[in-house]
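Notes follow once the structure below has been shown.
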Amino acid sequence: MVTGIVSVGVRTAGADGAALVMLVLGVLIAAVLAVLYIARWIRHRDRMRRDAKSPESAFGYFTVVAACSVLAVGLQAEGFGTVSVVLLGIGAAIWIGLGYGLPWQVLMTRDGEPILARSNGSWFVRSVASGPGRGPAAVLG
């Protein structure tokens, strides 16, 4: 996510070559992370479900949404409009699923420990993930 943000910022500053290098690096990192998420789901499905119910870790999944949106902006700037739309659609679909399902799942999990005592600032990632969808939509629109 950060690599994509830096790429967009560097492009705005006029360093198109450096922006392209950062964007390619961001896309490669995102592809590796996607494979790792899928492998984790296949090999450690129960652990991922537990993480999705935990206030300490659940909201970290929203970083996938933000990464899709940031990469969509960078790819649109490079002329990959169709890929940008696909990434924006993937990010939006994940956001809808996580945005409505995940908070309720965390709040409704009863494991004996107080939720607020275990909550940290990671839930703010939900609001961060909500914002990036507006940028790509504006760029693509």
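Every chain in the structure tokens takes a letter, A first, then B, and so on in the order presented; its residues are numbered from 1, and the ligands are numbered from 1 following the presented order.
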**Study point:** 9 Å contact set for A:Tyr61, only C-alpha atoms, chain neighbours under 2 positions out, as number ranges by chain
**Key:** A: 52, 57-59, 63-65, 98, 125-126
Check your understanding: If you count only C-alpha atoms, which residues fall within 9 Å of A:Ala30, apart from same-chain ones fewer than 2 positions away, as a list in words?
Key ->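 That gives Met1, Leu25, Gly26, Val27, Leu28, Val32, Leu33, Ala34, Val35, Val64, Ala67, Cys68 and Leu71 of chain A.
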Check your understanding: Looking at A:Val21, A:Leu102, A:Ala92, A:Ile38, which one is nearest to A:Gly4, with distances taken over only C-alpha atoms?
Key -> A:Val21
Exercise for review: Measuring atom to atom with only C-alpha atoms, identify which of A:Ile29, A:Ala77, A:Ile42, A:Ile96 is nearest to A:Phe62.
Suggested key: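 Distance minimum relative to A:Phe62 lands on A:Ile96.
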